[in-house]
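Participant: Structure incoming, see below.
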Amino acid sequence: LYGLDFASRALDPIAELPHCGEVVPGDDPERVTRLLTVLAREVDRRSHLLAAERAENLGALRARTGQMVVPRIVLLLDSYSGFHGAFDRADGYPWLTALQQLVSRGRQAGVHVVITTERRLGVPSALLAAVSARLALRMATSEELASLGVPMRVAKGAELPAGRGFLGGTEELQVACVSDDPSGVAQAEALAEAGAKLAAAEASRAPALPALPERVAFRAASDRPLVSPLAVVDLTLETAEVDLTRQNVVVTGAPMSGKSCALETVAWGLRESTGPELHMAALGSAASPLGGLGVWDDAAFSRAAHAGLIIRLTEMLAGDEGVEARAVLFVDAAEDLEGNDVLRPLEALMRSDALRVVVACEPTTIAKAYSGWLSTLRRNRSALVLQPESRNDVESAVGVKPSLRPGQAFPPGRGVLVANRQWALVQVGLRPGA
C-alpha cells in the first residue's frame, strides 16, 4: 500500500499500517515522481515475469504456480485535481502520462490504483476509460452524478448523506468507517491501533520508497583490472563502476561539488583492482586533496613540476603501440594546467594507447573543449556531471539530456553519470577511511 496525498493529508494515518510502504505528500514533487517511477519499473518487471510464465495476469500466474509469487500493490491517490494541478505544465506532462500508463498497465500485473476526484471535468477520458470501477458520492448537481454514469432518473431523486453513493452507476451503498466514531481523529486512532496489532503479527513491513543516501562508503574494490567503483545508482542502489580498459573518465561540476572526492575513489579502486603493475600518476595544485593519497607512483602537485611529470610519462610510454593501459594520469583539475610547456606535450601524450586519463574540470571547460588535449575527452561521450543546475548542463557536457525528476536535490557528490549515451542519477561513494 502506497499513498499520494494531494488533498488534506487525511491519508497520513494509514502509514501506521505495516503493509503501507509510504504516504507521500503532494507538496514533495521529487518523492511523488520517485514513487511513480518505482511503480512503473515494478510493472515492467512483472510484465516480463508474466510473459516468461505465459500468464495473462497475476491471478493466472498464482493459479499456475500455486503460490503468491509477488504481492499485489495498491496506490491511493487522494485528489486527482490536486495531482493534475501540480504537474499541469510543460515539464510535468510526462508524469501525468506516467500515472495514466500505471492505471492502464498496472492492473494486469497486480498494481492497482484508487483515485479520488472532486469532479468529473478535468479527468482525461483515457484515464477514465482505464478505470474499471467508479463510486459516485454526493455531487453538487444531478447532472454531475449523471456524468459519472448514474442514470438521470436515479440521480434526480437521490438524497445522499456523507459516504452514500452509487457503484457502477446503479448499486447504492454506504462507505464504511474504521471506527464507530466517524470523526477523523477517531479513525486515525483506530488505524494506529490496528497497525500496532498487525505489526505484532507481521514478520516485516512493506518496503519504504527507496532513497539515494547523501553519504555512501565502499568497503571493497572491483575484482576486475582497470575497473573501479565510483557511485551508487538511484532507486536500485547498485554500484556504478568506471572501466578504463578502453576509455577515459571526466568528472565535471561546480567548485565544492565533489570532483576531487570522485577522483580519490577511482584512484583507490584502480590501485586495489589492478595492483602495482599499473603506473599511477597525478597532476594538480598544492590544494588538491589527492596529494595526501598514498597510491601514486609519480605526482606533481605544484605548477612548476607539471612539465617534468609529463616528460617522464612520455618517455616511459614511448614506442608502446599496444592497446593495454599501462598508466593512468589523474588531473585535479584541468584549469590548473597552463603554459605551452605543459599543454603541448600533454596533447601529444594523449595519443598514446597505453595511457588512460581521469580528469576533473568545470562544466564550461569541457563544453568548450573543441581543440587541445581536452577535446579527446569531450569526444569520449562519457562523464560524471556533479550538481548540474539543469539537464542542459549535462547536455552541453556530453550531449545527453537526462529526464531528471522535478525538485531533485543535488548535495555534494550527487550527479548524472553518462556512459555509452545512457544516463543514471548517482551518488559518489567514498573510499574506505575517507
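Scheme for the C-alpha cells: letters A, B, ... for chains in order shown; per-chain residue numbers from 1; ligand numbers from 1 in order shown.
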Please extract the residues of region 73-298 of chain A with a backbone DSSP assignment of helix (DSSP H, G or I) and present them as a PDB file with N, CA and C atoms, in the first residue's frame.

Facilitator:
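Produced file selection_30.pdb, reproduced below:
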ATOM      1  N   TYR A  80      -7.238  13.805  -7.575  1.00  0.00           N
ATOM      2  CA  TYR A  80      -6.616  13.870  -8.895  1.00  0.00           C
ATOM      3  C   TYR A  80      -6.470  15.315  -9.352  1.00  0.00           C
ATOM      4  N   SER A  81      -7.426  16.166  -8.998  1.00  0.00           N
ATOM      5  CA  SER A  81      -7.327  17.568  -9.410  1.00  0.00           C
ATOM      6  C   SER A  81      -6.085  18.226  -8.818  1.00  0.00           C
ATOM      7  N   GLY A  82      -5.734  17.875  -7.568  1.00  0.00           N
ATOM      8  CA  GLY A  82      -4.514  18.398  -6.977  1.00  0.00           C
ATOM      9  C   GLY A  82      -3.278  17.883  -7.688  1.00  0.00           C
ATOM     10  N   PHE A  83      -3.288  16.589  -8.039  1.00  0.00           N
ATOM     11  CA  PHE A  83      -2.170  15.999  -8.779  1.00  0.00           C
ATOM     12  C   PHE A  83      -2.022  16.663 -10.143  1.00  0.00           C
ATOM     13  N   HIS A  84      -3.139  16.819 -10.841  1.00  0.00           N
ATOM     14  CA  HIS A  84      -3.107  17.416 -12.178  1.00  0.00           C
ATOM     15  C   HIS A  84      -2.633  18.863 -12.110  1.00  0.00           C
ATOM     16  N   GLY A  85      -3.086  19.597 -11.097  1.00  0.00           N
ATOM     17  CA  GLY A  85      -2.663  20.981 -10.958  1.00  0.00           C
ATOM     18  C   GLY A  85      -1.178  21.116 -10.689  1.00  0.00           C
ATOM     19  N   ALA A  86      -0.614  20.149  -9.950  1.00  0.00           N
ATOM     20  CA  ALA A  86       0.816  20.207  -9.619  1.00  0.00           C
ATOM     21  C   ALA A  86       1.699  19.931 -10.827  1.00  0.00           C
ATOM     22  N   PHE A  87       1.198  19.158 -11.795  1.00  0.00           N
ATOM     23  CA  PHE A  87       2.029  18.764 -12.935  1.00  0.00           C
ATOM     24  C   PHE A  87       1.499  19.266 -14.270  1.00  0.00           C
ATOM     25  N   ALA A  90       4.683  22.252 -18.784  1.00  0.00           N
ATOM     26  CA  ALA A  90       5.437  21.580 -19.848  1.00  0.00           C
ATOM     27  C   ALA A  90       6.303  20.444 -19.321  1.00  0.00           C
ATOM     28  N   ASP A  91       7.048  20.688 -18.223  1.00  0.00           N
ATOM     29  CA  ASP A  91       7.939  19.651 -17.718  1.00  0.00           C
ATOM     30  C   ASP A  91       7.213  18.635 -16.836  1.00  0.00           C
ATOM     31  N   GLY A  92       5.910  18.849 -16.610  1.00  0.00           N
ATOM     32  CA  GLY A  92       5.158  17.922 -15.773  1.00  0.00           C
ATOM     33  C   GLY A  92       4.290  16.946 -16.537  1.00  0.00           C
ATOM     34  N   TYR A  93       4.091  17.193 -17.837  1.00  0.00           N
ATOM     35  CA  TYR A  93       3.228  16.318 -18.626  1.00  0.00           C
ATOM     36  C   TYR A  93       3.667  14.854 -18.627  1.00  0.00           C
ATOM     37  N   PRO A  94       4.976  14.574 -18.670  1.00  0.00           N
ATOM     38  CA  PRO A  94       5.364  13.152 -18.627  1.00  0.00           C
ATOM     39  C   PRO A  94       4.862  12.424 -17.392  1.00  0.00           C
ATOM     40  N   TRP A  95       4.678  13.143 -16.274  1.00  0.00           N
ATOM     41  CA  TRP A  95       4.228  12.480 -15.054  1.00  0.00           C
ATOM     42  C   TRP A  95       2.717  12.286 -15.061  1.00  0.00           C
ATOM     43  N   LEU A  96       1.977  13.158 -15.734  1.00  0.00           N
ATOM     44  CA  LEU A  96       0.552  12.913 -15.940  1.00  0.00           C
ATOM     45  C   LEU A  96       0.362  11.660 -16.789  1.00  0.00           C
ATOM     46  N   THR A  97       1.209  11.540 -17.820  1.00  0.00           N
ATOM     47  CA  THR A  97       1.157  10.352 -18.670  1.00  0.00           C
ATOM     48  C   THR A  97       1.584   9.104 -17.906  1.00  0.00           C
ATOM     49  N   ALA A  98       2.574   9.257 -17.008  1.00  0.00           N
ATOM     50  CA  ALA A  98       3.060   8.109 -16.234  1.00  0.00           C
ATOM     51  C   ALA A  98       1.950   7.530 -15.359  1.00  0.00           C
ATOM     52  N   LEU A  99       1.138   8.395 -14.734  1.00  0.00           N
ATOM     53  CA  LEU A  99       0.031   7.903 -13.923  1.00  0.00           C
ATOM     54  C   LEU A  99      -0.992   7.180 -14.790  1.00  0.00           C
ATOM     55  N   GLN A 100      -1.301   7.754 -15.930  1.00  0.00           N
ATOM     56  CA  GLN A 100      -2.275   7.128 -16.820  1.00  0.00           C
ATOM     57  C   GLN A 100      -1.809   5.750 -17.272  1.00  0.00           C
ATOM     58  N   GLN A 101      -0.514   5.631 -17.597  1.00  0.00           N
ATOM     59  CA  GLN A 101       0.018   4.329 -18.000  1.00  0.00           C
ATOM     60  C   GLN A 101       0.020   3.342 -16.847  1.00  0.00           C
ATOM     61  N   LEU A 102       0.265   3.842 -15.632  1.00  0.00           N
ATOM     62  CA  LEU A 102       0.249   2.969 -14.459  1.00  0.00           C
ATOM     63  C   LEU A 102      -1.150   2.391 -14.242  1.00  0.00           C
ATOM     64  N   VAL A 103      -2.172   3.220 -14.431  1.00  0.00           N
ATOM     65  CA  VAL A 103      -3.553   2.751 -14.277  1.00  0.00           C
ATOM     66  C   VAL A 103      -3.899   1.732 -15.357  1.00  0.00           C
ATOM     67  N   SER A 104      -3.512   2.014 -16.589  1.00  0.00           N
ATOM     68  CA  SER A 104      -3.908   1.146 -17.700  1.00  0.00           C
ATOM     69  C   SER A 104      -3.118  -0.158 -17.751  1.00  0.00           C
ATOM     70  N   ARG A 105      -1.828  -0.121 -17.384  1.00  0.00           N
ATOM     71  CA  ARG A 105      -0.988  -1.312 -17.479  1.00  0.00           C
ATOM     72  C   ARG A 105      -0.861  -2.066 -16.165  1.00  0.00           C
ATOM     73  N   GLY A 106      -1.113  -1.382 -15.059  1.00  0.00           N
ATOM     74  CA  GLY A 106      -0.805  -1.982 -13.772  1.00  0.00           C
ATOM     75  C   GLY A 106      -1.722  -3.105 -13.340  1.00  0.00           C
ATOM     76  N   ARG A 107      -3.009  -3.003 -13.675  1.00  0.00           N
ATOM     77  CA  ARG A 107      -3.963  -3.980 -13.147  1.00  0.00           C
ATOM     78  C   ARG A 107      -3.592  -5.409 -13.539  1.00  0.00           C
ATOM     79  N   GLN A 108      -3.158  -5.598 -14.778  1.00  0.00           N
ATOM     80  CA  GLN A 108      -2.767  -6.935 -15.232  1.00  0.00           C
ATOM     81  C   GLN A 108      -1.615  -7.491 -14.399  1.00  0.00           C
ATOM     82  N   ALA A 109      -0.713  -6.593 -13.968  1.00  0.00           N
ATOM     83  CA  ALA A 109       0.468  -7.020 -13.216  1.00  0.00           C
ATOM     84  C   ALA A 109       0.257  -6.978 -11.711  1.00  0.00           C
ATOM     85  N   SER A 125     -10.201  11.565 -20.503  1.00  0.00           N
ATOM     86  CA  SER A 125     -11.074  10.456 -20.914  1.00  0.00           C
ATOM     87  C   SER A 125     -10.307   9.144 -20.954  1.00  0.00           C
ATOM     88  N   ALA A 126      -9.029   9.209 -21.385  1.00  0.00           N
ATOM     89  CA  ALA A 126      -8.231   7.983 -21.449  1.00  0.00           C
ATOM     90  C   ALA A 126      -8.026   7.389 -20.063  1.00  0.00           C
ATOM     91  N   LEU A 127      -7.881   8.250 -19.045  1.00  0.00           N
ATOM     92  CA  LEU A 127      -7.713   7.758 -17.679  1.00  0.00           C
ATOM     93  C   LEU A 127      -9.010   7.147 -17.177  1.00  0.00           C
ATOM     94  N   LEU A 128     -10.136   7.809 -17.425  1.00  0.00           N
ATOM     95  CA  LEU A 128     -11.427   7.259 -17.003  1.00  0.00           C
ATOM     96  C   LEU A 128     -11.707   5.926 -17.679  1.00  0.00           C
ATOM     97  N   ALA A 129     -11.341   5.820 -18.942  1.00  0.00           N
ATOM     98  CA  ALA A 129     -11.594   4.572 -19.667  1.00  0.00           C
ATOM     99  C   ALA A 129     -10.799   3.408 -19.087  1.00  0.00           C
ATOM    100  N   ALA A 130      -9.644   3.720 -18.471  1.00  0.00           N
ATOM    101  CA  ALA A 130      -8.806   2.663 -17.909  1.00  0.00           C
ATOM    102  C   ALA A 130      -9.262   2.234 -16.523  1.00  0.00           C
ATOM    103  N   SER A 142     -27.422  16.962  -9.961  1.00  0.00           N
ATOM    104  CA  SER A 142     -27.751  15.641 -10.509  1.00  0.00           C
ATOM    105  C   SER A 142     -27.055  15.426 -11.843  1.00  0.00           C
ATOM    106  N   GLU A 143     -26.789  16.509 -12.588  1.00  0.00           N
ATOM    107  CA  GLU A 143     -26.103  16.380 -13.870  1.00  0.00           C
ATOM    108  C   GLU A 143     -24.678  15.847 -13.671  1.00  0.00           C
ATOM    109  N   GLU A 144     -24.009  16.304 -12.598  1.00  0.00           N
ATOM    110  CA  GLU A 144     -22.663  15.815 -12.328  1.00  0.00           C
ATOM    111  C   GLU A 144     -22.693  14.335 -11.974  1.00  0.00           C
ATOM    112  N   LEU A 145     -23.717  13.915 -11.223  1.00  0.00           N
ATOM    113  CA  LEU A 145     -23.859  12.488 -10.925  1.00  0.00           C
ATOM    114  C   LEU A 145     -24.066  11.697 -12.205  1.00  0.00           C
ATOM    115  N   ALA A 146     -24.895  12.233 -13.089  1.00  0.00           N
ATOM    116  CA  ALA A 146     -25.170  11.542 -14.344  1.00  0.00           C
ATOM    117  C   ALA A 146     -23.913  11.430 -15.201  1.00  0.00           C
ATOM    118  N   SER A 147     -23.032  12.439 -15.122  1.00  0.00           N
ATOM    119  CA  SER A 147     -21.796  12.386 -15.912  1.00  0.00           C
ATOM    120  C   SER A 147     -20.862  11.289 -15.426  1.00  0.00           C
ATOM    121  N   MET A 152     -29.926   9.289 -15.055  1.00  0.00           N
ATOM    122  CA  MET A 152     -30.531  10.549 -14.654  1.00  0.00           C
ATOM    123  C   MET A 152     -31.771  10.335 -13.799  1.00  0.00           C
ATOM    124  N   ARG A 153     -32.556   9.287 -14.093  1.00  0.00           N
ATOM    125  CA  ARG A 153     -33.750   9.037 -13.290  1.00  0.00           C
ATOM    126  C   ARG A 153     -33.401   8.691 -11.851  1.00  0.00           C
ATOM    127  N   VAL A 154     -32.242   8.108 -11.633  1.00  0.00           N
ATOM    128  CA  VAL A 154     -31.780   7.789 -10.283  1.00  0.00           C
ATOM    129  C   VAL A 154     -31.118   9.016  -9.655  1.00  0.00           C
ATOM    130  N   ALA A 155     -30.344   9.727 -10.446  1.00  0.00           N
ATOM    131  CA  ALA A 155     -29.599  10.871  -9.930  1.00  0.00           C
ATOM    132  C   ALA A 155     -30.530  12.000  -9.474  1.00  0.00           C
ATOM    133  N   LYS A 156     -31.645  12.204 -10.176  1.00  0.00           N
ATOM    134  CA  LYS A 156     -32.535  13.323  -9.843  1.00  0.00           C
ATOM    135  C   LYS A 156     -33.153  13.186  -8.464  1.00  0.00           C
ATOM    136  N   GLY A 184     -12.412  12.292  12.011  1.00  0.00           N
ATOM    137  CA  GLY A 184     -11.068  11.998  11.523  1.00  0.00           C
ATOM    138  C   GLY A 184     -10.131  11.554  12.620  1.00  0.00           C
ATOM    139  N   VAL A 185     -10.231  12.184  13.802  1.00  0.00           N
ATOM    140  CA  VAL A 185      -9.353  11.831  14.919  1.00  0.00           C
ATOM    141  C   VAL A 185      -9.594  10.401  15.366  1.00  0.00           C
ATOM    142  N   ALA A 186     -10.873  10.026  15.492  1.00  0.00           N
ATOM    143  CA  ALA A 186     -11.207   8.674  15.943  1.00  0.00           C
ATOM    144  C   ALA A 186     -10.740   7.625  14.945  1.00  0.00           C
ATOM    145  N   GLN A 187     -10.884   7.908  13.657  1.00  0.00           N
ATOM    146  CA  GLN A 187     -10.458   6.944  12.648  1.00  0.00           C
ATOM    147  C   GLN A 187      -8.926   6.819  12.610  1.00  0.00           C
ATOM    148  N   ALA A 188      -8.231   7.930  12.840  1.00  0.00           N
ATOM    149  CA  ALA A 188      -6.768   7.871  12.887  1.00  0.00           C
ATOM    150  C   ALA A 188      -6.313   7.014  14.067  1.00  0.00           C
ATOM    151  N   GLU A 189      -6.982   7.161  15.212  1.00  0.00           N
ATOM    152  CA  GLU A 189      -6.629   6.352  16.378  1.00  0.00           C
ATOM    153  C   GLU A 189      -6.919   4.878  16.128  1.00  0.00           C
ATOM    154  N   ALA A 190      -8.026   4.601  15.445  1.00  0.00           N
ATOM    155  CA  ALA A 190      -8.366   3.210  15.135  1.00  0.00           C
ATOM    156  C   ALA A 190      -7.339   2.598  14.189  1.00  0.00           C
ATOM    157  N   LEU A 191      -6.875   3.370  13.222  1.00  0.00           N
ATOM    158  CA  LEU A 191      -5.859   2.868  12.302  1.00  0.00           C
ATOM    159  C   LEU A 191      -4.549   2.596  13.038  1.00  0.00           C
ATOM    160  N   ALA A 192      -4.194   3.484  13.976  1.00  0.00           N
ATOM    161  CA  ALA A 192      -2.968   3.286  14.748  1.00  0.00           C
ATOM    162  C   ALA A 192      -3.060   2.014  15.582  1.00  0.00           C
ATOM    163  N   GLU A 193      -4.227   1.774  16.177  1.00  0.00           N
ATOM    164  CA  GLU A 193      -4.411   0.559  16.982  1.00  0.00           C
ATOM    165  C   GLU A 193      -4.348  -0.685  16.110  1.00  0.00           C
ATOM    166  N   ALA A 194      -4.995  -0.610  14.936  1.00  0.00           N
ATOM    167  CA  ALA A 194      -4.948  -1.745  14.016  1.00  0.00           C
ATOM    168  C   ALA A 194      -3.529  -1.972  13.516  1.00  0.00           C
ATOM    169  N   GLY A 195      -2.812  -0.875  13.260  1.00  0.00           N
ATOM    170  CA  GLY A 195      -1.443  -1.006  12.793  1.00  0.00           C
ATOM    171  C   GLY A 195      -0.551  -1.685  13.814  1.00  0.00           C
ATOM    172  N   ALA A 196      -0.755  -1.370  15.108  1.00  0.00           N
ATOM    173  CA  ALA A 196       0.042  -1.994  16.161  1.00  0.00           C
ATOM    174  C   ALA A 196      -0.230  -3.487  16.242  1.00  0.00           C
ATOM    175  N   LYS A 197      -1.488  -3.865  16.100  1.00  0.00           N
ATOM    176  CA  LYS A 197      -1.838  -5.294  16.158  1.00  0.00           C
ATOM    177  C   LYS A 197      -1.264  -6.045  14.955  1.00  0.00           C
ATOM    178  N   LEU A 198      -1.396  -5.441  13.776  1.00  0.00           N
ATOM    179  CA  LEU A 198      -0.889  -6.096  12.574  1.00  0.00           C
ATOM    180  C   LEU A 198       0.638  -6.187  12.602  1.00  0.00           C
ATOM    181  N   ALA A 199       1.290  -5.140  13.123  1.00  0.00           N
ATOM    182  CA  ALA A 199       2.750  -5.148  13.189  1.00  0.00           C
ATOM    183  C   ALA A 199       3.260  -6.262  14.087  1.00  0.00           C
ATOM    184  N   ALA A 200       2.524  -6.552  15.155  1.00  0.00           N
ATOM    185  CA  ALA A 200       2.923  -7.625  16.058  1.00  0.00           C
ATOM    186  C   ALA A 200       2.805  -8.990  15.398  1.00  0.00           C
ATOM    187  N   ALA A 201       1.901  -9.093  14.408  1.00  0.00           N
ATOM    188  CA  ALA A 201       1.683 -10.380  13.750  1.00  0.00           C
ATOM    189  C   ALA A 201       2.483 -10.533  12.462  1.00  0.00           C
ATOM    190  N   LYS A 259      34.212  16.795  -6.961  1.00  0.00           N
ATOM    191  CA  LYS A 259      35.050  16.259  -8.047  1.00  0.00           C
ATOM    192  C   LYS A 259      36.283  15.544  -7.511  1.00  0.00           C
ATOM    193  N   SER A 260      37.000  16.182  -6.573  1.00  0.00           N
ATOM    194  CA  SER A 260      38.223  15.562  -6.038  1.00  0.00           C
ATOM    195  C   SER A 260      37.910  14.265  -5.312  1.00  0.00           C
ATOM    196  N   CYS A 261      36.775  14.233  -4.614  1.00  0.00           N
ATOM    197  CA  CYS A 261      36.360  13.010  -3.915  1.00  0.00           C
ATOM    198  C   CYS A 261      36.141  11.876  -4.905  1.00  0.00           C
ATOM    199  N   ALA A 262      35.520  12.197  -6.056  1.00  0.00           N
ATOM    200  CA  ALA A 262      35.291  11.172  -7.076  1.00  0.00           C
ATOM    201  C   ALA A 262      36.616  10.642  -7.604  1.00  0.00           C
ATOM    202  N   LEU A 263      37.585  11.525  -7.830  1.00  0.00           N
ATOM    203  CA  LEU A 263      38.901  11.079  -8.310  1.00  0.00           C
ATOM    204  C   LEU A 263      39.618  10.235  -7.259  1.00  0.00           C
ATOM    205  N   GLU A 264      39.469  10.595  -5.993  1.00  0.00           N
ATOM    206  CA  GLU A 264      40.058   9.781  -4.918  1.00  0.00           C
ATOM    207  C   GLU A 264      39.506   8.363  -4.948  1.00  0.00           C
ATOM    208  N   THR A 265      38.196   8.242  -5.107  1.00  0.00           N
ATOM    209  CA  THR A 265      37.560   6.928  -5.110  1.00  0.00           C
ATOM    210  C   THR A 265      38.061   6.085  -6.272  1.00  0.00           C
ATOM    211  N   VAL A 266      38.150   6.693  -7.463  1.00  0.00           N
ATOM    212  CA  VAL A 266      38.623   5.958  -8.635  1.00  0.00           C
ATOM    213  C   VAL A 266      40.084   5.556  -8.450  1.00  0.00           C
ATOM    214  N   ALA A 267      40.903   6.446  -7.892  1.00  0.00           N
ATOM    215  CA  ALA A 267      42.316   6.127  -7.680  1.00  0.00           C
ATOM    216  C   ALA A 267      42.473   4.954  -6.722  1.00  0.00           C
ATOM    217  N   TRP A 268      41.730   4.982  -5.625  1.00  0.00           N
ATOM    218  CA  TRP A 268      41.776   3.862  -4.684  1.00  0.00           C
ATOM    219  C   TRP A 268      41.327   2.572  -5.351  1.00  0.00           C
ATOM    220  N   GLY A 269      40.204   2.639  -6.101  1.00  0.00           N
ATOM    221  CA  GLY A 269      39.667   1.438  -6.725  1.00  0.00           C
ATOM    222  C   GLY A 269      40.609   0.829  -7.743  1.00  0.00           C
ATOM    223  N   LEU A 270      41.301   1.673  -8.522  1.00  0.00           N
ATOM    224  CA  LEU A 270      42.224   1.154  -9.534  1.00  0.00           C
ATOM    225  C   LEU A 270      43.443   0.512  -8.886  1.00  0.00           C
ATOM    226  N   ARG A 271      43.943   1.143  -7.842  1.00  0.00           N
ATOM    227  CA  ARG A 271      45.116   0.563  -7.168  1.00  0.00           C
ATOM    228  C   ARG A 271      44.760  -0.784  -6.558  1.00  0.00           C
ATOM    229  N   GLU A 272      43.576  -0.903  -5.976  1.00  0.00           N
ATOM    230  CA  GLU A 272      43.161  -2.153  -5.351  1.00  0.00           C
ATOM    231  C   GLU A 272      42.892  -3.238  -6.386  1.00  0.00           C
ATOM    232  N   SER A 273      42.281  -2.868  -7.519  1.00  0.00           N
ATOM    233  CA  SER A 273      41.885  -3.888  -8.502  1.00  0.00           C
ATOM    234  C   SER A 273      43.016  -4.296  -9.432  1.00  0.00           C
ATOM    235  N   THR A 274      43.965  -3.380  -9.701  1.00  0.00           N
ATOM    236  CA  THR A 274      44.990  -3.636 -10.714  1.00  0.00           C
ATOM    237  C   THR A 274      46.360  -3.911 -10.117  1.00  0.00           C
ATOM    238  N   PRO A 289      43.198  17.621  -2.731  1.00  0.00           N
ATOM    239  CA  PRO A 289      43.166  16.545  -1.731  1.00  0.00           C
ATOM    240  C   PRO A 289      43.863  15.279  -2.192  1.00  0.00           C
ATOM    241  N   LEU A 290      44.088  15.136  -3.498  1.00  0.00           N
ATOM    242  CA  LEU A 290      44.728  13.924  -3.998  1.00  0.00           C
ATOM    243  C   LEU A 290      46.183  13.817  -3.556  1.00  0.00           C
ATOM    244  N   GLY A 291      46.749  14.947  -3.135  1.00  0.00           N
ATOM    245  CA  GLY A 291      48.140  14.916  -2.712  1.00  0.00           C
ATOM    246  C   GLY A 291      48.376  14.054  -1.493  1.00  0.00           C
ATOM    247  N   GLY A 292      47.357  13.840  -0.691  1.00  0.00           N
ATOM    248  CA  GLY A 292      47.511  13.047   0.517  1.00  0.00           C
ATOM    249  C   GLY A 292      47.315  11.565   0.315  1.00  0.00           C
TER     250      GLY A 292
END

Participant: Which residues are close to Ala304 (chain A), i.e. within 10 Å by only C-alpha atoms, leaving aside same-chain residues fewer than 3 positions away? Reply as number ranges by chain.

Facilitator: A: 285, 300-301, 307-308, 342

Participant: If you run DSSP on the backbone, which residues of region 195-417 of chain A are strand (DSSP E or B), as a PyMOL selection string?

Facilitator: chain A and resi 217+227-233+239-243+249-253+279-284+298-300+327-332+355-361+383-386+414-417

Participant: Which of these residues is nearest to Ala60 (chain A), using only C-alpha atoms: A:Ser371, A:Gly110, A:Val216, A:Trp423?

Facilitator: A:Gly110

Participant: Between A:Pro388, A:Pro345, A:Gly294, A:Pro432, which one has atoms that come closest to Trp373 (chain A), using only C-alpha atoms?

Facilitator: A:Pro345

Participant: If you count only C-alpha atoms, which residues fall within 7 Å of region 380-386 of chain A, apart from same-chain ones fewer than 3 positions away, as a PyMOL selection string?

Facilitator: chain A and resi 249-253+257+376-377+394+398+413-421

Participant: Quick one: residues within 10 Å of Arg219 (chain A), only C-alpha atoms, excluding same-chain residues fewer than 4 positions away - as a PyMOL selection string?

Facilitator: chain A and resi 429-433

Participant: Determine, counting only C-alpha atoms, which protein, DNA and RNA residues have an atom within 9 Å of an atom of Ala325 (chain A); residues of the same chain fewer than 5 positions away are not included. Present the result as a list of chain:residue names.

Facilitator: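 So the residues in contact are A:Leu226, A:Leu244, A:Thr245, A:Arg246, A:Leu278, A:Asp353, A:Ala354, A:Leu355, A:Arg356.
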
Participant: Between CA of Ser403 (chain A) and CA of Phe218 (chain A), what is the distance, to one decimal in Å?

Facilitator: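 Atom-to-atom, CA of Ser403 (chain A) and CA of Phe218 (chain A) are spaced 27.4 Å apart.
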
Participant: Tell me which of A:Pro161, A:Gly168, A:Pro229, A:Gly258 sits closest to Pro411 (chain A), counting only C-alpha atoms.

Facilitator: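 Of all the options, A:Gly258 lies closest to Pro411 (chain A).
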
Participant: Between A:Glu30, A:Leu173, A:Gly3, A:Pro182, which is the closest to Leu404 (chain A) once you count only C-alpha atoms?

Facilitator: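 That would be A:Glu30, the residue with the smallest distance to Leu404 (chain A).
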
Participant: Please list as a VMD selection string every residue within 10 Å of Asp78 (chain A), counting only C-alpha atoms and excluding residues in the same chain fewer than 6 positions away.

Facilitator: chain A and resid 3 to 11 25 to 26 114 to 118

Participant: Could those selected residues go to a file with N, CA and C atoms, as an mmCIF file, in the first residue's frame?

Facilitator:
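Below you can see out_26.cif, which holds the result:
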data_model
loop_
_atom_site.group_PDB
_atom_site.id
_atom_site.type_symbol
_atom_site.label_atom_id
_atom_site.label_comp_id
_atom_site.auth_asym_id
_atom_site.auth_seq_id
_atom_site.Cartn_x
_atom_site.Cartn_y
_atom_site.Cartn_z
ATOM 1 N N GLY A 3 0.592 5.743 -0.725
ATOM 2 C CA GLY A 3 -0.344 6.847 -0.823
ATOM 3 C C GLY A 3 0.284 8.083 -1.428
ATOM 4 N N LEU A 4 -0.488 8.772 -2.256
ATOM 5 C CA LEU A 4 -0.139 10.094 -2.765
ATOM 6 C C LEU A 4 -1.230 11.042 -2.296
ATOM 7 N N ASP A 5 -0.885 11.957 -1.397
ATOM 8 C CA ASP A 5 -1.895 12.806 -0.766
ATOM 9 C C ASP A 5 -1.800 14.231 -1.300
ATOM 10 N N PHE A 6 -2.704 14.561 -2.219
ATOM 11 C CA PHE A 6 -2.784 15.910 -2.772
ATOM 12 C C PHE A 6 -3.983 16.661 -2.212
ATOM 13 N N ALA A 7 -4.539 16.170 -1.109
ATOM 14 C CA ALA A 7 -5.709 16.814 -0.518
ATOM 15 C C ALA A 7 -5.346 17.393 0.840
ATOM 16 N N SER A 8 -5.982 16.883 1.898
ATOM 17 C CA SER A 8 -5.872 17.491 3.235
ATOM 18 C C SER A 8 -4.982 16.690 4.180
ATOM 19 N N ARG A 9 -4.107 15.847 3.635
ATOM 20 C CA ARG A 9 -3.223 14.981 4.442
ATOM 21 C C ARG A 9 -4.012 13.966 5.253
ATOM 22 N N ALA A 10 -5.217 13.633 4.786
ATOM 23 C CA ALA A 10 -6.040 12.660 5.506
ATOM 24 C C ALA A 10 -5.515 11.236 5.355
ATOM 25 N N LEU A 11 -4.589 11.009 4.415
ATOM 26 C CA LEU A 11 -4.038 9.666 4.223
ATOM 27 C C LEU A 11 -2.913 9.352 5.207
ATOM 28 N N PRO A 25 3.350 13.238 0.540
ATOM 29 C CA PRO A 25 2.528 14.445 0.393
ATOM 30 C C PRO A 25 2.694 15.056 -0.992
ATOM 31 N N GLY A 26 1.654 15.710 -1.455
ATOM 32 C CA GLY A 26 1.683 16.280 -2.792
ATOM 33 C C GLY A 26 2.619 17.448 -2.956
ATOM 34 N N VAL A 114 -6.330 3.521 -6.791
ATOM 35 C CA VAL A 114 -7.606 4.054 -6.321
ATOM 36 C C VAL A 114 -7.476 5.573 -6.294
ATOM 37 N N ILE A 115 -8.353 6.255 -7.027
ATOM 38 C CA ILE A 115 -8.234 7.696 -7.223
ATOM 39 C C ILE A 115 -9.498 8.387 -6.736
ATOM 40 N N THR A 116 -9.325 9.493 -6.014
ATOM 41 C CA THR A 116 -10.471 10.343 -5.696
ATOM 42 C C THR A 116 -10.370 11.618 -6.532
ATOM 43 N N THR A 117 -11.530 12.177 -6.873
ATOM 44 C CA THR A 117 -11.565 13.444 -7.588
ATOM 45 C C THR A 117 -12.843 14.172 -7.204
ATOM 46 N N GLU A 118 -12.768 15.483 -7.174
ATOM 47 C CA GLU A 118 -13.915 16.274 -6.757
ATOM 48 C C GLU A 118 -14.936 16.427 -7.868
#

Participant: When you look at Arg72 (chain A) with a cut-off of 8 Å (counting only C-alpha atoms), what residues show up, excluding the ones that are within fewer than 2 positions of it in the same chain? I need them as a list in words.

Facilitator: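 In the requested form, the answer reads Val70, Val74, Gly110, Val111 and His112 of chain A.
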